[in-house]
Structure formats: C-alpha cells, structure tokens
Amino acid sequence: MSALSQACLWLDAAPPAAPARPPLRQSSSCDVAIIGGGYTGLWTAYYLKRAAPELDVALLEAQRCGDGASGRNGGWLLGGLAQQERHLLSLQGAAREQARRSLFGIVDEVAAVLARERIDCDFAHGGVLYAAARYPEQAAMGRDWLRQLRRAGHGEADFRWLDAAKMAAQLGVSGVGGGIYSPHCAVIDPAKLAWGLARAVAALGVRIHEDSPVRRWSAGKLYLADCELSARVVVPALEGAASQFSALSRCLLPVQSLLLATEPLSAAQWDEIGLARRQAFGDLSRMVTYGQRSADGRLVFGARGGYRLGGRVQWDFDPDAEAFRWRERLLRRLFPALGATAVQYRWGGTLGVARAFTPYVLYDRRAGLAMAGGYGGEGVGAANLMGRTLAQLILERPDPLTAMPWVSTEGGLERVRRWAPEPIPWLGYHLVRSGYALEERLCASVGAPAWSKRGAARLASALEALLA
C-alpha cells in the first residue's frame with residue numbers, strides 16, 4: 001500500500017468473509033425481495049428469517065454486501081436516531097419511556113446478535129465523548145444541547161456533563177472545556193459487521209445475489225438486466241443510493257462524508273490521547289466530527305459535508321483534495337500528540353438525509369412496500385432498529401416497535417416529505433455549509449468580537465432551519 005491511500009481502511013484491511021455470491025440470472029419469485037446489501041437490508045432479512053423461517057427472502061446487491069456506506073462509515077454504533085428529541089417530545093409518560101428504551105437498547109441488541117452469530121467486528125462498548133474543544137463557544141453549545149436532552153426525558157445516566165478535567169482524563173484533545181458523555185454507543189469495524197451479517201443471513205436461508213443491480217422497480221416486481229424477480233413485498237434498502245429509482249426521487253438527499261485514518265500510533269501517543277476504552281468521540285461544533293480508536297491502534301476521524309448538484313452519489317475521491325486536507329488540519333489541531341504521524345487512508349461515501357433530518361419507517365401493505373431510511377449518518381445503529389421494525393411490519397405482528405412515532409403505516413410514498421427539485425437543495429446545502437464555516441472561522445478567531453460570533457451562530461441556525 002502507498003503512503004497515502006484512497007482505499008477505505010475497513011474494506012482494504014481484510015478480504016470479505018465469503019466469496020462473491022452468485023448473481024441472479026433467471027427470473028423467479030419470492031415472498032420478500034430486498035434491494036441493497038447494506039445494514040438495513042441485512043438486518044431486515046435477518047429478523048425476518050429468525051421470526052419466520054418459512055419465508056422465501058431474496059436480497060439483491062449491485063456489488064458486494066457492505067461495499068456502500070455500511071462498510072465505509074466511522075464505525076459508531078449509536079443507540080439513537082438523528083433528531084430523536086423531536087419524537088420524544090411528542091410523547092408522554094410510558095410511551096416516551098418505551099421509545100427511549102427502544103433507542104438505548106440498540107447497542108445491547110447488536111451485542112447479543114454478535115455473540116449469537118459469532119461475528120467478530122472489533123466491538124467495544126466504551127460510550128461516546130462529545131468534547132467542547134478548540135473554542136469556548138462549544139461549551140455553551142454543549143450545555144444548550146444538554147438542556148434539550150433533559151427536556152426530552154434523558155437523565156444523568158444517559159447524558160451527563162463532564163468538566164474540563166474529567167473530559168481531559170478520557171480524551172486528550174486541545175483546548176478542552178468539558179463536554180458530554182453518553183454510555184449509549186459502541187465502536188466497530190463496519191465492514192466486518194456487514195460481512196458477518198451477510199454470512200449469518202445466508203446461513204438462515206436468505207438467497208443473497210451479489211453483482212445483481214436492479215434496473216427498474218414497480219409494484220411487486222424487480223427488473224434486472226436479463227431477468228425479473230417477483231415478490232409480495234419489496235424492501236428498497238438503499239439509503240443514499242435511493243435516488244436511482246424515480247419512485248424514490250427526492251425522498252432522501254445523498255450527502256457525502258469523508259474520513260481519514262492515521263498509521264498505528266505508539267503507546268506513548270495513546271497515553272496522551274486517551275480513549276483507553278475505545279470511546280467514540282467528536283467535538284461539539286456544527287461540522288459534525290466523529291472518530292474512534294481502531295482495534296489496531298489507528299485514529300480514525302471524519303466530518304460530514306458535501307453535496308453534488310443533482311444529488312449524485314460518490315464513492316471514489318481524490319485523496320489529495322482540499323476537503324481531506326481540511327479534515328487533516330482539524331485532526332492535528334485537536335490532537336497535537338499526533339506530531340508527524342502520517343495519515344495513511346483517506347476515503348468517503350454517500351449517506352441519506354431525510355427532510356427535517358428525521359429518519360422514518362414506512363409500510364404500505366396495499367402496495368407491497370416496506371422501507372426505512374434518512375439516517376443522516378447515524379445508520380449503523382439505526383438500521384438495526386429499523387430492520388427489526390420492518391420485519392414486524394411485514395409479518396404484521398403486534399410489536400411496540402411498530403407503534404413508534406417514526407413509523408408510518410397509513411398511506412404510501414406520498415407520506416414521505418420530498419426535497420425540493422434542483423438546484424434548490426444544492427443551493428440550500430451550500431448556503432448552510434457557508435454559514436457553518438463562517439461561525440467556525442469567527443469562533444476560532446481570538447480577535448473576533450463577541451457580537452460577530454453571536455450573529456454568525458444565529459445565521460447558521462436560521463440557514464439550517466431552511467432545510468427542515
């Protein structure tokens with residue numbers, strides 16, 4: 001491998017756990033057809049076959065299982081959903097507690113499956129640290145977020161404030177001013193999880209067909225290059241790639257997220273950086289940074305940001321692009337202990353963002369459609385919850401999960417809030433990014449007056465609201 005690779009660390013580190021599975025070449029039928037071999041498709045197939053072994057379930061993947069966002073992400077297995085506080089605030093009493101238990105139970109549920117199916121994906125349940133770092137305003141942002149969490153019903157056991165000393169004892173980040181710790185997160189090697197799930201799903205009797213891109217889809221039927229697959233229920237589990245089908249056009253915004261990974265660090269460096277329990281970490285800026293200490297001792301770090309005109313997906317990136325250099329500069333500002341340590345990997349992928357940044361589950365029995373998505377970059381854990389939910393909806397079995405506020409069983413795709421046609425999303429997204437960048441620049445500037453920082457924060461919030 002060269003000194004700097006554009007390959008994904010997880011996909012490059014080891015070969016898939018199984019040889020390529022045969023493509024679908026002859027027309028056939030099944031009970032449930034799943035499009036996409038990422039987490040949503042694999043978890044849905046897993047829970048369907050566990051609950052109803054007699055079902056004929058077929059999963060079609062355009063390339064290899066885990067080749068998309070499921071094998072390329074930052075490896076945060078988070079017990080929650082993006083914008084979950086909106087849902088929780090709409091609930092009261094026992095209903096809210098049931099929803100909270102469903103969310104916070106994700107990590108333990110995945111851990112149980114890993115043990116049952118003997119999937120080794122470098123799982124470490126160390127929680128997550130959201131550090132107030134780099135500039136003082138992050139501490140205020142963190143305390144404001146903590147107040148929102150309290151209003152949604154989360155107590156000290158779920159999210160708690162750490163002062164500067166306690167945060168520094170766990171995470172050696174520069175300019176630390178405290179932050180928030182939550183136990184509801186683990187870290188994994190995402191590609192190993194995808195490959196392990198595919199193996200478990202195949203062992204249960206699911207027909208997995210790789211190298212089988214679906215060209216077209218209509219009610220109850222998938223069209224491939226030279227054959228068709230009929231099904232009672234179709235599950236388009238595509239996330240950021242959903243825009244390839246006209247029926248799903250503008251349901252999700254395909255957004256790029258970029259990551260990098262250092263070479264393995266020394267023991268002395270890890271003594272300075274911390275993360276002894278392999279806690280996930282990020283800082284409390286709007287740029288949405290995220291990272292982890294990999295099982296082989298690398299620092300993995302990413303930040304969201306990137307949208308291509310027309311909602312085009314992207315998997316290949318120029319490792320010398322300024323977007324990567326910016327992330328590396330930020331990483332080195334956060335962790336001076338890195339010194340001259342080399343960055344060996346730079347990669348990215350495409351994720352899906354729903355309107356109002358709120359994931360959803362949809363089941364339309366009449367049309368034979370079941371789908372979930374819009375995880376906003378938090379799909380490693382969310383896909384498990386949504387896969388369980390989709391399985392219960394398809395089997396039409398009563399379950400607390402199917403009554404959650406993010407689930408819709410009335411109507412079909414018309415219930416999904418669509419993004420506006422181009423170029424409005426492209427303009428809006430880049431306006432919001434510019435607002436974030438202005439706030440970052442002013443807050444990081446020692447000489448910027450306080451009024452300008454407050455104004456930039458209000459502007460960033462107002463622009464963000466435009467995309468809701």
# chains A, B, ... in the order shown; residues from 1 in each chain; ligands from 1
call {"tool": "residues_around", "arguments": {"residues": "Ser243 (chain A)", "least_positions_apart": "3", "cutoff": "10 Å", "atoms": "only C-alpha atoms", "output": "list in words"}}
result
Leu238, Glu239, Gly240, Ser246, Ala247, Leu248, Ser249, Arg250, Cys251, Leu252, Leu253, Pro254, Gly310, Gly311, Arg312, Val313 and Gly352 of chain A
call {"tool": "closest_atom_pairs", "arguments": {"of": "region 22-57 of chain A", "to": "region 362-378 of chain A", "cutoff": "12 Å", "atoms": "only C-alpha atoms", "output": "tab-separated table"}}
result
residue	atom	partner	partner_atom	distance
A:Asp31	CA	A:Gly368	CA	10.3
A:Val32	CA	A:Gly368	CA	9.2
A:Ala33	CA	A:Leu369	CA	10.0
A:Ile34	CA	A:Ala370	CA	9.4
A:Ile35	CA	A:Met371	CA	10.1
A:Gly36	CA	A:Met371	CA	11.3
A:Gly38	CA	A:Gly373	CA	11.7
A:Tyr39	CA	A:Gly373	CA	10.8
A:Thr40	CA	A:Ala372	CA	7.6
A:Gly41	CA	A:Met371	CA	9.4
A:Trp43	CA	A:Ala372	CA	11.6
A:Thr44	CA	A:Met371	CA	9.9
call {"tool": "closest_atom_pairs", "arguments": {"of": "region 360-441 of chain A", "to": "region 182-191 of chain A", "cutoff": "12 Å", "atoms": "only C-alpha atoms", "output": "CSV"}}
result
residue,atom,partner,partner_atom,distance
A:Glu378,CA,A:Cys185,CA,11.0
A:Gly379,CA,A:Pro190,CA,10.9
A:Val380,CA,A:Pro190,CA,7.9
A:Gly381,CA,A:Cys185,CA,8.7
A:Ala382,CA,A:Cys185,CA,11.6
call {"tool": "closest_atom_pairs", "arguments": {"of": "region 21-118 of chain A", "to": "region 383-393 of chain A", "cutoff": "10 Å", "atoms": "only C-alpha atoms", "output": "JSON lines"}}
result
{"residue": "A:Gly38", "atom": "CA", "partner": "A:Ala383", "partner_atom": "CA", "distance": 9.1}
{"residue": "A:Tyr39", "atom": "CA", "partner": "A:Ala383", "partner_atom": "CA", "distance": 5.8}
{"residue": "A:Thr40", "atom": "CA", "partner": "A:Ala383", "partner_atom": "CA", "distance": 4.8}
{"residue": "A:Gly41", "atom": "CA", "partner": "A:Gly387", "partner_atom": "CA", "distance": 7.2}
{"residue": "A:Leu42", "atom": "CA", "partner": "A:Gly387", "partner_atom": "CA", "distance": 7.8}
{"residue": "A:Trp43", "atom": "CA", "partner": "A:Gly387", "partner_atom": "CA", "distance": 4.8}
{"residue": "A:Thr44", "atom": "CA", "partner": "A:Gly387", "partner_atom": "CA", "distance": 4.0}
{"residue": "A:Ala45", "atom": "CA", "partner": "A:Ala391", "partner_atom": "CA", "distance": 7.6}
{"residue": "A:Tyr46", "atom": "CA", "partner": "A:Gly387", "partner_atom": "CA", "distance": 8.2}
{"residue": "A:Tyr47", "atom": "CA", "partner": "A:Arg388", "partner_atom": "CA", "distance": 5.9}
{"residue": "A:Leu48", "atom": "CA", "partner": "A:Ala391", "partner_atom": "CA", "distance": 5.1}
{"residue": "A:Lys49", "atom": "CA", "partner": "A:Ala391", "partner_atom": "CA", "distance": 8.8}
{"residue": "A:Arg50", "atom": "CA", "partner": "A:Ala391", "partner_atom": "CA", "distance": 9.6}
{"residue": "A:Ala51", "atom": "CA", "partner": "A:Ala391", "partner_atom": "CA", "distance": 8.2}
{"residue": "A:Ala52", "atom": "CA", "partner": "A:Ala391", "partner_atom": "CA", "distance": 9.4}
{"residue": "A:Ser70", "atom": "CA", "partner": "A:Ala383", "partner_atom": "CA", "distance": 9.7}
{"residue": "A:Leu77", "atom": "CA", "partner": "A:Asn384", "partner_atom": "CA", "distance": 9.7}
{"residue": "A:Gly79", "atom": "CA", "partner": "A:Leu385", "partner_atom": "CA", "distance": 9.2}
{"residue": "A:Gly80", "atom": "CA", "partner": "A:Leu385", "partner_atom": "CA", "distance": 9.0}
{"residue": "A:Leu81", "atom": "CA", "partner": "A:Leu385", "partner_atom": "CA", "distance": 9.3}
{"residue": "A:Ser102", "atom": "CA", "partner": "A:Leu385", "partner_atom": "CA", "distance": 7.8}
{"residue": "A:Leu103", "atom": "CA", "partner": "A:Leu385", "partner_atom": "CA", "distance": 7.6}
{"residue": "A:Gly105", "atom": "CA", "partner": "A:Leu385", "partner_atom": "CA", "distance": 9.0}
{"residue": "A:Ile106", "atom": "CA", "partner": "A:Leu385", "partner_atom": "CA", "distance": 6.5}
{"residue": "A:Val107", "atom": "CA", "partner": "A:Asn384", "partner_atom": "CA", "distance": 9.2}
{"residue": "A:Glu109", "atom": "CA", "partner": "A:Asn384", "partner_atom": "CA", "distance": 8.4}
{"residue": "A:Val110", "atom": "CA", "partner": "A:Asn384", "partner_atom": "CA", "distance": 7.4}
call {"tool": "residues_around", "arguments": {"residues": "Glu263 (chain A)", "least_positions_apart": "6", "cutoff": "9 Å", "atoms": "only C-alpha atoms", "output": "NGL selection string"}}
result
:A and (297-299 or 341-345)
call {"tool": "atom_distance", "arguments": {"atom1": "CA of Glu228 (chain A)", "atom2": "CA of Ser27 (chain A)"}}
result
4.6 Å
call {"tool": "select_by_dssp", "arguments": {"residues": "region 96-162 of chain A", "states": "strand (DSSP E)", "output": "ChimeraX atom specification"}}
result
/A:128-131,160-162
call {"tool": "atom_distance", "arguments": {"atom1": "CA of Leu275 (chain A)", "atom2": "CA of Arg293 (chain A)"}}
result
6.8 Å
call {"tool": "closest_residue", "arguments": {"among": "A:Leu171, A:Leu129, A:Ala115, A:Ala219", "to": "Gly412 (chain A)", "atoms": "only C-alpha atoms"}}
result
A:Ala219
call {"tool": "atom_distance", "arguments": {"atom1": "CA of Glu61 (chain A)", "atom2": "CA of Val235 (chain A)"}}
result
12.2 Å
call {"tool": "residues_around", "arguments": {"residues": "Pro425 (chain A)", "least_positions_apart": "6", "cutoff": "12 Å", "atoms": "only C-alpha atoms", "output": "short mmCIF file (atom, residue, chain, number, x, y, z; two decimals) with all heavy atoms, in the first residue's frame"}}
result
data_model
loop_
_atom_site.label_atom_id
_atom_site.label_comp_id
_atom_site.auth_asym_id
_atom_site.auth_seq_id
_atom_site.Cartn_x
_atom_site.Cartn_y
_atom_site.Cartn_z
N ARG A 250 -36.03 12.27 -4.63
CA ARG A 250 -36.10 13.37 -3.66
C ARG A 250 -36.61 12.94 -2.30
O ARG A 250 -36.87 13.78 -1.45
CB ARG A 250 -36.92 14.54 -4.20
CG ARG A 250 -36.49 15.04 -5.56
CD ARG A 250 -36.89 16.47 -5.84
NE ARG A 250 -38.22 16.82 -5.42
CZ ARG A 250 -39.32 16.75 -6.17
NH1 ARG A 250 -39.24 16.29 -7.41
NH2 ARG A 250 -40.49 17.12 -5.70
N LEU A 252 -34.73 11.22 -0.27
CA LEU A 252 -33.52 11.37 0.53
C LEU A 252 -32.52 12.24 -0.22
O LEU A 252 -32.44 12.18 -1.45
CB LEU A 252 -32.89 10.02 0.84
CG LEU A 252 -33.71 9.03 1.68
CD1 LEU A 252 -33.02 7.68 1.72
CD2 LEU A 252 -33.90 9.57 3.08
N LEU A 253 -31.75 13.00 0.54
CA LEU A 253 -30.69 13.82 -0.05
C LEU A 253 -29.38 13.05 0.07
O LEU A 253 -28.96 12.71 1.19
CB LEU A 253 -30.59 15.15 0.72
CG LEU A 253 -30.00 16.35 -0.02
CD1 LEU A 253 -30.91 16.76 -1.16
CD2 LEU A 253 -29.82 17.51 0.96
N PRO A 254 -28.72 12.70 -1.05
CA PRO A 254 -27.46 11.95 -0.97
C PRO A 254 -26.30 12.89 -0.63
O PRO A 254 -25.91 13.74 -1.43
CB PRO A 254 -27.29 11.37 -2.38
CG PRO A 254 -28.55 11.72 -3.13
CD PRO A 254 -29.14 12.91 -2.43
N VAL A 255 -25.77 12.75 0.56
CA VAL A 255 -24.73 13.65 1.08
C VAL A 255 -23.44 12.85 1.28
O VAL A 255 -23.48 11.69 1.70
CB VAL A 255 -25.19 14.28 2.41
CG1 VAL A 255 -24.07 15.09 3.05
CG2 VAL A 255 -26.41 15.16 2.17
N GLY A 306 -20.76 17.76 2.03
CA GLY A 306 -20.57 17.58 0.60
C GLY A 306 -21.87 17.17 -0.05
O GLY A 306 -22.50 16.21 0.40
N TYR A 307 -22.27 17.92 -1.04
CA TYR A 307 -23.48 17.56 -1.79
C TYR A 307 -23.26 17.96 -3.24
O TYR A 307 -22.89 19.10 -3.54
CB TYR A 307 -24.71 18.27 -1.22
CG TYR A 307 -25.97 17.98 -2.02
CD1 TYR A 307 -26.55 16.72 -1.97
CD2 TYR A 307 -26.54 18.93 -2.85
CE1 TYR A 307 -27.68 16.43 -2.71
CE2 TYR A 307 -27.68 18.65 -3.59
CZ TYR A 307 -28.25 17.40 -3.52
OH TYR A 307 -29.36 17.12 -4.26
N ARG A 308 -23.48 17.02 -4.15
CA ARG A 308 -23.23 17.24 -5.56
C ARG A 308 -24.52 17.64 -6.27
O ARG A 308 -25.58 17.08 -5.99
CB ARG A 308 -22.64 15.99 -6.19
CG ARG A 308 -21.41 15.47 -5.47
CD ARG A 308 -20.96 14.14 -6.02
NE ARG A 308 -20.25 14.29 -7.28
CZ ARG A 308 -20.01 13.31 -8.13
NH1 ARG A 308 -20.48 12.08 -7.87
NH2 ARG A 308 -19.36 13.52 -9.24
N LEU A 309 -24.40 18.60 -7.15
CA LEU A 309 -25.55 19.07 -7.91
C LEU A 309 -26.24 17.89 -8.58
O LEU A 309 -25.61 17.05 -9.22
CB LEU A 309 -25.10 20.09 -8.96
CG LEU A 309 -26.21 20.76 -9.76
CD1 LEU A 309 -27.10 21.60 -8.85
CD2 LEU A 309 -25.62 21.62 -10.88
N GLY A 310 -27.56 17.82 -8.42
CA GLY A 310 -28.33 16.73 -8.98
C GLY A 310 -28.43 15.52 -8.06
O GLY A 310 -28.99 14.50 -8.44
N GLY A 311 -27.87 15.64 -6.86
CA GLY A 311 -27.95 14.53 -5.92
C GLY A 311 -27.19 13.31 -6.35
O GLY A 311 -27.60 12.17 -6.08
N VAL A 353 -30.05 11.71 3.76
CA VAL A 353 -30.62 12.65 4.72
C VAL A 353 -32.08 12.90 4.36
O VAL A 353 -32.39 13.27 3.22
CB VAL A 353 -29.85 13.98 4.72
CG1 VAL A 353 -30.49 14.97 5.68
CG2 VAL A 353 -28.38 13.75 5.10
N ALA A 354 -32.97 12.69 5.31
CA ALA A 354 -34.39 12.93 5.09
C ALA A 354 -34.72 14.39 5.38
O ALA A 354 -33.98 15.09 6.07
CB ALA A 354 -35.22 12.03 6.00
N ARG A 355 -35.86 14.87 4.85
CA ARG A 355 -36.34 16.20 5.19
C ARG A 355 -36.51 16.30 6.69
O ARG A 355 -36.95 15.37 7.35
CB ARG A 355 -37.68 16.49 4.51
CG ARG A 355 -37.58 16.90 3.06
CD ARG A 355 -36.89 18.24 2.85
NE ARG A 355 -37.56 19.35 3.51
CZ ARG A 355 -38.53 20.07 2.97
NH1 ARG A 355 -38.97 19.77 1.76
NH2 ARG A 355 -39.06 21.07 3.63
N ARG A 418 -40.77 15.26 0.54
CA ARG A 418 -39.75 15.28 -0.51
C ARG A 418 -38.91 16.55 -0.42
O ARG A 418 -39.38 17.62 -0.01
CB ARG A 418 -40.41 15.23 -1.89
CG ARG A 418 -41.36 14.05 -2.11
CD ARG A 418 -40.61 12.76 -2.28
NE ARG A 418 -41.51 11.62 -2.40
CZ ARG A 418 -41.49 10.76 -3.41
NH1 ARG A 418 -40.63 10.92 -4.40
NH2 ARG A 418 -42.31 9.74 -3.43
N TRP A 419 -37.67 16.43 -0.84
CA TRP A 419 -36.82 17.60 -1.02
C TRP A 419 -37.28 18.35 -2.28
O TRP A 419 -37.83 17.74 -3.20
CB TRP A 419 -35.36 17.19 -1.16
CG TRP A 419 -34.77 16.66 0.12
CD1 TRP A 419 -34.69 15.36 0.50
CD2 TRP A 419 -34.21 17.42 1.19
NE1 TRP A 419 -34.11 15.25 1.73
CE2 TRP A 419 -33.80 16.50 2.18
CE3 TRP A 419 -34.01 18.78 1.40
CZ2 TRP A 419 -33.19 16.91 3.38
CZ3 TRP A 419 -33.41 19.19 2.59
CH2 TRP A 419 -33.01 18.26 3.56
N LEU A 431 -25.40 26.94 1.13
CA LEU A 431 -25.62 28.11 1.98
C LEU A 431 -25.43 27.73 3.45
O LEU A 431 -24.79 28.47 4.21
CB LEU A 431 -27.03 28.65 1.77
CG LEU A 431 -27.22 29.76 0.74
CD1 LEU A 431 -28.70 30.09 0.59
CD2 LEU A 431 -26.44 31.01 1.13
N VAL A 432 -26.00 26.60 3.85
CA VAL A 432 -25.86 26.15 5.23
C VAL A 432 -24.40 25.88 5.55
O VAL A 432 -23.89 26.29 6.61
CB VAL A 432 -26.72 24.90 5.47
CG1 VAL A 432 -26.42 24.28 6.84
CG2 VAL A 432 -28.20 25.25 5.39
N LEU A 466 -33.87 26.31 7.22
CA LEU A 466 -34.42 26.32 5.86
C LEU A 466 -34.49 24.92 5.27
O LEU A 466 -35.32 24.64 4.39
CB LEU A 466 -33.54 27.21 4.95
CG LEU A 466 -33.54 28.70 5.26
CD1 LEU A 466 -32.56 29.42 4.34
CD2 LEU A 466 -34.95 29.29 5.08
N LEU A 467 -33.63 24.03 5.72
CA LEU A 467 -33.60 22.66 5.18
C LEU A 467 -34.53 21.72 5.92
O LEU A 467 -34.66 20.55 5.54
CB LEU A 467 -32.17 22.11 5.22
CG LEU A 467 -31.14 22.79 4.34
CD1 LEU A 467 -29.80 22.11 4.45
CD2 LEU A 467 -31.59 22.82 2.88
N ALA A 468 -35.17 22.19 6.96
CA ALA A 468 -36.04 21.32 7.77
C ALA A 468 -37.34 21.05 7.03
O ALA A 468 -37.73 21.76 6.12
CB ALA A 468 -36.30 21.96 9.11
#
call {"tool": "select_by_dssp", "arguments": {"residues": "region 244-379 of chain A", "states": "alpha helix (DSSP H)", "output": "mmCIF file with C-alpha atoms, in the first residue's frame"}}
result
data_model
loop_
_atom_site.group_PDB
_atom_site.id
_atom_site.type_symbol
_atom_site.label_atom_id
_atom_site.label_comp_id
_atom_site.auth_asym_id
_atom_site.auth_seq_id
_atom_site.Cartn_x
_atom_site.Cartn_y
_atom_site.Cartn_z
ATOM 1 C CA ALA A 267 1.706 3.583 23.195
ATOM 2 C CA ALA A 268 3.078 6.954 24.298
ATOM 3 C CA GLN A 269 0.800 8.783 21.863
ATOM 4 C CA TRP A 270 -2.216 6.849 23.111
ATOM 5 C CA ASP A 271 -1.261 7.755 26.680
ATOM 6 C CA GLU A 272 -1.674 11.412 25.667
ATOM 7 C CA ILE A 273 -4.783 10.959 23.510
ATOM 8 C CA GLU A 322 -8.667 20.126 -0.177
ATOM 9 C CA ALA A 323 -11.637 18.584 1.645
ATOM 10 C CA PHE A 324 -9.331 15.890 3.018
ATOM 11 C CA ARG A 325 -6.543 18.351 3.801
ATOM 12 C CA TRP A 326 -9.006 20.456 5.805
ATOM 13 C CA ARG A 327 -10.015 17.410 7.867
ATOM 14 C CA GLU A 328 -6.389 16.527 8.474
ATOM 15 C CA ARG A 329 -5.626 20.067 9.661
ATOM 16 C CA LEU A 330 -8.596 19.876 12.025
ATOM 17 C CA LEU A 331 -7.498 16.464 13.303
ATOM 18 C CA ARG A 332 -3.996 17.737 14.028
ATOM 19 C CA ARG A 333 -5.359 20.825 15.817
ATOM 20 C CA LEU A 334 -7.464 18.577 18.008
ATOM 21 C CA GLY A 379 -27.292 4.413 10.364
#
call {"tool": "closest_residue", "arguments": {"among": "A:Gly196, A:Gly282, A:Gly177, A:Pro236", "to": "Trp76 (chain A)", "atoms": "only C-alpha atoms"}}
result
A:Gly282
